[in-house]
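Since the structure comes first, as structure tokens, the remarks are kept for the end.
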Amino acid sequence: FSRENGWIPPVREIYPLIIGSMSFGALSPTMWEGLQMGVAYLNEELGMPVRMCTGEGGCPPRLLRSRFLKYVILQIASGYFGWDEIIRALPEMKEDPCAVEIKYGQGAKPGDGGLLMWYKVNSLIARVRGVPPGVSLPSPPTHQTKYSIEESVAKMIQSMSMAWGFRVPVYPKISGTSTALAVLNNLARNPIAAGLAIDGEDGGTGAAYNVSMDHMGHPIASNIRDAYLTLVRIGKQNEIPLFAGGGIGKNGNLTANAAALIMLGASGVQVGKYIMQAAAGCLGSESDRCNICNIGQCPKGITSQDPRLYRRLDPEHVAQRLVDVYLSFDTELRKIVAPLGRSTSLPIGMSDALGISDRSAAERLQIQYVV
């Protein structure tokens, strides 16, 4: 605490490519273990401050009490699944989590909660989430204990910050919508808000309804741009980091997508589906999606809770592939930003380095139109 400047939110340097929220339950035990192993290796052997978000569903009790918790972003969402276990573990935590993410919405389902089908709620998942086994688990569309998102954001940030003695950054995650700027406006006046994550219309894996995937949401590029320019106008673009998500790399161009969003104003990007595809060999794609993530019959064992299926997936292989993904991304990102004179820092908001051949999109994003 600084008497001269007031309270300064804790900020830890993290790698700009974050593994977005995919819950323990939505993913199989082997997939989750493989991702955690890969994240630990990237941090402890390669010195890359990579972070992974738990998603809504808590996490295994042993992780909460291990030194690896510092690489994890704990998510609290409208279902509050897994939070009884997290609260009970607080006195025994050897490390603080990297951050706490309060989820109000995901890109493909603004105002709509996810659903973990009963086929995937085995005894382990049920115990971690604090529910009976074999029941479907829909997430409520909103945080039921709060009147409005503005009130909720303020109260949840305050309470979660207090729980960890104001040592842990706390930020909300919202869907990309026309009201995103209203949430940002409240954060700009909140002295302990640590950032804002916005998920665009393409965000969604096994728990997003088809009607949401096809007809709901807002493009992430324009939402992030509006948010960044708003922060610029009030002089707070360096105080509230923005994190973008939703379909990044869906056509295989992960690094280019990430670099473009950073130049539009994002401090980092969150990816989920791409990690499933690149690190675990998911059979789905945007043009020919497998589409059985939600029923627990994933042939690769990525999203299944059936041991006959998830034993097909080697967690060490997942970890190795994840490390390869990050090393490739790191090399490509350096090649993109080096000509901009940014070999040691990110070109956040450096939109004059961007150009697009769509005139209306160029005007909407306030970037160069090139023929």
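Here's how to read the names in the structure tokens: chain A, B, ... by the order shown, residue numbers from 1 in each chain, ligand numbers from 1 in the order shown.
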Within 12 Å of region 33-46 of chain A, which residues of region 201-302 of chain A show up? Give each one with its shortest atom-to-atom distance in Å (one decimal) and the two atoms involved, counting only C-alpha atoms, rows by chain then rising residue number, as a tab-separated table.
```
residue	atom	partner	partner_atom	distance
A:Gly272	CA	A:Leu35	CA	11.3
A:Ile275	CA	A:Leu35	CA	9.1
A:Met276	CA	A:Leu35	CA	9.8
A:Ala278	CA	A:Leu35	CA	11.8
A:Ala279	CA	A:Leu35	CA	8.5
A:Ala280	CA	A:Gly34	CA	9.1
A:Ile302	CA	A:Gly34	CA	10.3
```
For region 245-254 of chain A, work out the shell of residues within 6 Å, counting only C-alpha atoms and skipping chain neighbours fewer than 2 positions away, then give it as a list in words. Asp199, Gly200, Asp202, Gly203, Ala256, Asn257, Val269 and Gln270 of chain A
Counting only C-alpha atoms, what is within 12 Å of region 165-170 of chain A, bar same-chain residues fewer than 3 positions away, as a PyMOL selection string? chain A and resi 1+7-13+70+72-76+90+95-103+153-162+173+187+190-197+240-241
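Once region 352-364 of chain A and its same-chain neighbours fewer than 4 positions away are set aside, Ala221, Ser222, Arg225, Asp226, Ala259, Ala260, Leu261, Met263, Leu264, Val337, Pro339, Leu340, Pro347, Gln368, Tyr369, Val370 and Val371 of chain A remain within 10 Å of it when counting only C-alpha atoms.
The shell of residues at most 10 Å from Leu229 (chain A), with only C-alpha atoms counted and near chain neighbours (fewer than 6 positions) removed, consists of Gly235, Lys236, Gln237, Leu264, Gly265, Gly349, Leu365 and Gln366 of chain A.
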From the list A:Asn238, A:Ala163, A:Val135, A:Asn294, which residue is nearest Gly114 (chain A) when using only C-alpha atoms? A:Asn294
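Distances to Ile348 (chain A) were evaluated for A:Ser28, A:Asp314, A:Leu242, A:Asn291 using only C-alpha atoms, and the minimum falls at A:Leu242.
For the atom pair formed by CA of Tyr310 (chain A) and CA of Pro29 (chain A), the distance is 7.5 Å, given to one decimal.
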Expressed in Å to a single decimal, how great is the separation between CA of Ala266 (chain A) and CA of Pro219 (chain A)? 14.0 Å
Selected residue, from A:Gln106, A:Thr255, A:Ser123, A:Thr30, that lies nearest to Leu313 (chain A) when counting only C-alpha atoms: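 Of the candidates, the smallest distance to Leu313 (chain A) is held by A:Thr30.
The residue that comes closest to Gly47 (chain A), out of A:Tyr326, A:Glu201, A:Arg189, A:Leu124 and on the basis of only C-alpha atoms, is A:Tyr326.
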In region 157-318 of chain A, what's helix (DSSP H, G or I) per DSSP? Answer as an NGL selection string? :A and (157-163 or 180-188 or 210-215 or 220-233 or 254-264 or 273-280 or 293-295 or 307-310 or 315-318)
State, in Å with one decimal place, the distance from CA of Pro315 (chain A) to CA of Trp32 (chain A).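 For CA of Pro315 (chain A) relative to CA of Trp32 (chain A), the distance reads 8.0 Å.
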